[in-house]
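In what follows, a single structure is set out as structure tokens and then discussed.
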Amino acid sequence: LLQRDDVQMVMHGRKMVFNEPILEKIMVRYRKSVLSEVHHSDALIDYDIDEYDERYLRHVMDYYDELVPRLIPLQITHGGPVIMMQVENEYGSYGDDKEYLKYLYNFFRKKGMDVPLFTADGTSKECLLDGTIDGCLPIINCGSRMKEGFVAHEELFPGVPKMCMEMWNGWYDTWGCEHHVTSADAYAISLKDMMEMGSFNIYMFIGGTNFGFM
């Protein structure tokens with residue numbers, strides 16, 4: 001596995017054996033990333049961010065600048081199939097920077113995303129407090145005990161429509177660990193409870209990375 005230090009050593013003259021076409025691509029990308037430090041994304045919206053955040057968001061915005069224009073005509077407001085747009089996923093589990101979330105929200109709105117925007121977080125009060133912002137529908141992710149899952153949500157957002165964005169019907173396996181299996185009967189109970197409370201998105205209905213097998 002080629003490490004960043006390896007690339008730096010090559011840049012400084014160290015001889016290493018690589019496949020030449022791959023090496024050339026690596027060197028081109030490396031030069032661009034290093035020599036473009038003076039480049040700043042023009043998507044900074046409404047607040048100042050520090051250099052670390054700016055470097056990160058610059059790459060996010062480069063991606064979104066390509067993606068979002070393709071999504072605009074696909075919104076239901078333009079006759080397409082996209083009914084909602086997710087701003088962040090489970091951010092409240094590891095961050096609480098509201099300015100960062102507002103930044104993303106403002107970016108999507110400025111670019112023309114006019115369908116409802118939402119965030120999806122864990123079921124705890126801490127996750128919901130840290131991962132949600134005004135203007136975005138607060139949604140949870142969970143796969144069982146649905147009524148328990150919405151206790152904190154109802155306390156923090158009384159009367160707000162309930163939705164489970166990732167209603168897990170299984171779980172991924174990691175190498176060397178026991179295969180995870182979900183009881184169909186247990187999931188049917190969770191599904192019934194969720195249908196009585198609000199909306200849901202089955203995650204995953206089928207598939208994943210292992211050739212249709214979960």
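Going by the structure tokens order, chains are called A, B, ..., each with residues numbered from 1, while ligands are numbered from 1 in the order shown.
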- Message: as a PyMOL selection string, please: the residues near A:Phe108 (cut-off 12 Å, only C-alpha atoms, same-chain neighbours under 3 positions excluded).
- Response: chain A and resi 43+45+61+64-65+67-69+71-72+84-88+101-105+111-118+135-136
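Taking only C-alpha atoms, the non-local environment of A:Leu191 within 9 Å (same-chain residues fewer than 5 positions away omitted) comprises Gly143, Ser144, Met146, Met167, Ala186, Glu196 and Phe200 of chain A.
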Print the selection's residues with N, CA, C and O atoms to a file, as a JSON list (two decimals), in the first residue's frame.
[["chain", "number", "residue", "atom", "x", "y", "z"],
["A", 143, "GLY", "N", -33.23, 0.09, 14.14],
["A", 143, "GLY", "CA", -33.79, -1.08, 13.47],
["A", 143, "GLY", "C", -34.70, -1.93, 14.32],
["A", 143, "GLY", "O", -35.25, -2.92, 13.84],
["A", 144, "SER", "N", -34.87, -1.57, 15.58],
["A", 144, "SER", "CA", -35.74, -2.36, 16.47],
["A", 144, "SER", "C", -36.20, -1.48, 17.62],
["A", 144, "SER", "O", -35.72, -0.36, 17.79],
["A", 146, "MET", "N", -38.85, 0.31, 18.08],
["A", 146, "MET", "CA", -39.09, 1.60, 17.45],
["A", 146, "MET", "C", -39.74, 2.62, 18.40],
["A", 146, "MET", "O", -39.40, 3.80, 18.38],
["A", 167, "MET", "N", -33.99, 2.14, 8.67],
["A", 167, "MET", "CA", -34.64, 1.11, 9.48],
["A", 167, "MET", "C", -33.98, -0.22, 9.13],
["A", 167, "MET", "O", -34.35, -0.91, 8.21],
["A", 186, "ALA", "N", -39.29, -10.79, 14.31],
["A", 186, "ALA", "CA", -38.97, -9.62, 15.14],
["A", 186, "ALA", "C", -39.01, -8.35, 14.31],
["A", 186, "ALA", "O", -39.51, -7.31, 14.76],
["A", 196, "GLU", "N", -47.27, 2.44, 12.35],
["A", 196, "GLU", "CA", -48.28, 3.11, 13.18],
["A", 196, "GLU", "C", -47.84, 4.50, 13.61],
["A", 196, "GLU", "O", -48.68, 5.37, 13.91],
["A", 200, "PHE", "N", -40.88, 5.44, 7.01],
["A", 200, "PHE", "CA", -39.64, 4.71, 7.19],
["A", 200, "PHE", "C", -39.01, 4.41, 5.83],
["A", 200, "PHE", "O", -39.66, 4.46, 4.79]]
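Note that the spacing between atom CA of A:Thr119 and atom CA of A:Asn89 amounts to 6.3 Å.
Restricting the calculation to only C-alpha atoms, the smallest distance between A:Asp193 and any of A:Glu155, A:Pro81, A:Lys162, A:Arg145 is found for A:Arg145.
In the backbone-derived DSSP annotation, strand (DSSP E or B) within stretch 36-141 of chain A comprises Gln75, Val82, Met85, Gln86, Val87, Glu88, Asn89, Leu117, Phe118, Thr119, Ala120, Asp121, Leu137, Pro138, Ile139, Ile140 and Asn141 of chain A.
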Which polymer residues have any atom within 12 Å of an atom of A:Asp121, counting only C-alpha atoms, with same-chain residues fewer than 3 positions away left out, as a tab-separated table (two decimals) with N, CA, C and O atoms, in the first residue's frame?
chain	number	residue	atom	x	y	z
A	86	GLN	N	-30.82	14.64	2.25
A	86	GLN	CA	-30.19	14.51	3.57
A	86	GLN	C	-28.95	15.38	3.64
A	86	GLN	O	-28.07	15.29	2.78
A	87	VAL	N	-28.86	16.21	4.68
A	87	VAL	CA	-27.74	17.13	4.84
A	87	VAL	C	-26.53	16.45	5.48
A	87	VAL	O	-25.40	16.66	5.06
A	88	GLU	N	-26.76	15.64	6.50
A	88	GLU	CA	-25.68	14.91	7.17
A	88	GLU	C	-26.21	13.59	7.69
A	88	GLU	O	-27.42	13.40	7.81
A	89	ASN	N	-25.31	12.66	8.00
A	89	ASN	CA	-25.71	11.36	8.50
A	89	ASN	C	-25.03	11.05	9.83
A	89	ASN	O	-23.81	10.95	9.91
A	90	GLU	N	-25.84	10.98	10.89
A	90	GLU	CA	-25.39	10.62	12.24
A	90	GLU	C	-24.24	11.51	12.71
A	90	GLU	O	-23.35	11.06	13.43
A	91	TYR	N	-24.28	12.76	12.31
A	91	TYR	CA	-23.23	13.70	12.73
A	91	TYR	C	-23.23	13.88	14.24
A	91	TYR	O	-22.17	14.08	14.85
A	92	GLY	N	-24.41	13.81	14.86
A	92	GLY	CA	-24.50	13.99	16.30
A	92	GLY	C	-23.80	12.92	17.11
A	92	GLY	O	-23.60	13.09	18.31
A	93	SER	N	-23.39	11.84	16.45
A	93	SER	CA	-22.67	10.78	17.16
A	93	SER	C	-21.21	11.15	17.40
A	93	SER	O	-20.54	10.54	18.25
A	94	TYR	N	-20.69	12.13	16.65
A	94	TYR	CA	-19.28	12.46	16.81
A	94	TYR	C	-18.97	13.94	16.68
A	94	TYR	O	-17.81	14.35	16.82
A	95	GLY	N	-19.97	14.78	16.45
A	95	GLY	CA	-19.72	16.21	16.32
A	95	GLY	C	-20.90	17.03	16.80
A	95	GLY	O	-22.01	16.52	16.96
A	96	ASP	N	-20.66	18.32	17.02
A	96	ASP	CA	-21.74	19.20	17.46
A	96	ASP	C	-21.57	20.61	16.91
A	96	ASP	O	-22.06	21.58	17.48
A	118	PHE	N	-33.18	17.26	5.55
A	118	PHE	CA	-33.27	16.58	6.84
A	118	PHE	C	-31.90	16.10	7.30
A	118	PHE	O	-30.96	16.00	6.51
A	124	SER	N	-30.50	8.71	20.80
A	124	SER	CA	-30.31	9.34	22.11
A	124	SER	C	-30.54	10.84	22.03
A	124	SER	O	-30.43	11.46	20.97
A	125	LYS	N	-30.82	11.42	23.19
A	125	LYS	CA	-31.04	12.87	23.25
A	125	LYS	C	-29.77	13.61	22.84
A	125	LYS	O	-29.84	14.64	22.16
A	126	GLU	N	-28.62	13.09	23.25
A	126	GLU	CA	-27.36	13.75	22.92
A	126	GLU	C	-27.13	13.79	21.41
A	126	GLU	O	-26.73	14.82	20.86
A	127	CYS	N	-27.39	12.66	20.75
A	127	CYS	CA	-27.19	12.61	19.30
A	127	CYS	C	-28.12	13.59	18.59
A	127	CYS	O	-27.72	14.27	17.65
A	128	LEU	N	-29.36	13.65	19.04
A	128	LEU	CA	-30.34	14.52	18.39
A	128	LEU	C	-30.05	15.99	18.67
A	128	LEU	O	-30.24	16.84	17.80
A	129	LEU	N	-29.59	16.30	19.88
A	129	LEU	CA	-29.26	17.69	20.19
A	129	LEU	C	-28.06	18.16	19.37
A	129	LEU	O	-28.03	19.30	18.89
A	130	ASP	N	-27.07	17.30	19.20
A	130	ASP	CA	-25.84	17.70	18.53
A	130	ASP	C	-25.95	17.66	17.00
A	130	ASP	O	-25.26	18.41	16.31
A	131	GLY	N	-26.82	16.80	16.47
A	131	GLY	CA	-26.83	16.57	15.03
A	131	GLY	C	-27.94	17.23	14.25
A	131	GLY	O	-28.05	17.02	13.04
A	132	THR	N	-28.77	18.05	14.91
A	132	THR	CA	-29.91	18.66	14.22
A	132	THR	C	-29.79	20.17	14.23
A	132	THR	O	-29.13	20.76	15.09
A	133	ILE	N	-30.45	20.81	13.25
A	133	ILE	CA	-30.49	22.27	13.19
A	133	ILE	C	-31.87	22.70	12.71
A	133	ILE	O	-32.61	21.93	12.09
A	137	LEU	N	-35.60	18.69	8.88
A	137	LEU	CA	-36.43	17.73	9.60
A	137	LEU	C	-35.53	16.76	10.36
A	137	LEU	O	-34.65	16.14	9.76
A	138	PRO	N	-35.73	16.61	11.69
A	138	PRO	CA	-34.90	15.67	12.46
A	138	PRO	C	-35.44	14.25	12.32
A	138	PRO	O	-36.59	13.97	12.64
A	139	ILE	N	-34.59	13.36	11.84
A	139	ILE	CA	-34.98	11.97	11.59
A	139	ILE	C	-34.00	11.05	12.33
A	139	ILE	O	-32.86	11.43	12.57
A	140	ILE	N	-34.46	9.86	12.70
A	140	ILE	CA	-33.59	8.94	13.42
A	140	ILE	C	-33.24	7.72	12.57
A	140	ILE	O	-33.90	7.44	11.56
A	141	ASN	N	-32.20	7.01	12.99
A	141	ASN	CA	-31.81	5.72	12.42
A	141	ASN	C	-31.86	4.66	13.50
A	141	ASN	O	-31.26	4.84	14.57
A	142	CYS	N	-32.56	3.58	13.28
A	142	CYS	CA	-32.56	2.44	14.19
A	142	CYS	C	-33.24	1.26	13.51
A	142	CYS	O	-33.79	1.42	12.40
A	149	GLY	N	-37.21	4.03	20.51
A	149	GLY	CA	-36.32	4.85	19.72
A	149	GLY	C	-36.78	6.28	19.54
A	149	GLY	O	-35.95	7.18	19.32
A	150	PHE	N	-38.07	6.52	19.65
A	150	PHE	CA	-38.60	7.86	19.43
A	150	PHE	C	-38.91	8.62	20.72
A	150	PHE	O	-39.49	9.70	20.67
A	152	ALA	N	-36.82	10.12	22.97
A	152	ALA	CA	-36.07	11.38	23.01
A	152	ALA	C	-36.51	12.31	21.89
A	152	ALA	O	-36.60	13.53	22.07
A	153	HIS	N	-36.80	11.75	20.73
A	153	HIS	CA	-37.24	12.55	19.58
A	153	HIS	C	-38.53	13.29	19.92
A	153	HIS	O	-38.67	14.48	19.64
A	163	MET	N	-39.98	9.79	11.39
A	163	MET	CA	-39.49	8.99	10.28
A	163	MET	C	-38.20	8.31	10.69
A	163	MET	O	-37.38	8.90	11.40
A	164	CYS	N	-38.04	7.08	10.23
A	164	CYS	CA	-36.79	6.34	10.43
A	164	CYS	C	-36.13	6.21	9.07
A	164	CYS	O	-36.64	5.53	8.18
A	165	MET	N	-35.00	6.90	8.90
A	165	MET	CA	-34.34	6.91	7.61
A	165	MET	C	-33.61	5.60	7.34
A	165	MET	O	-33.62	5.08	6.23
A	166	GLU	N	-32.93	5.06	8.35
A	166	GLU	CA	-32.26	3.77	8.20
A	166	GLU	C	-32.94	2.79	9.14
A	166	GLU	O	-32.53	2.60	10.28
A	167	MET	N	-33.99	2.14	8.67
A	167	MET	CA	-34.64	1.11	9.48
A	167	MET	C	-33.98	-0.22	9.13
A	167	MET	O	-34.35	-0.91	8.21
- Query: Could you work out how far atom CA of A:Met204 lies from atom CA of A:His180, giving the answer in Å with one decimal?
  - Reply: 13.9 Å
- alpha helix (DSSP H) call set, DSSP backbone run, stretch 34-206 of chain A, as a count of residues only: 68
- Message: Could you tell me how far atom CA of A:Ala120 sits from atom CA of A:Lys98, in Å to one decimal place?
- Response: 14.5 Å
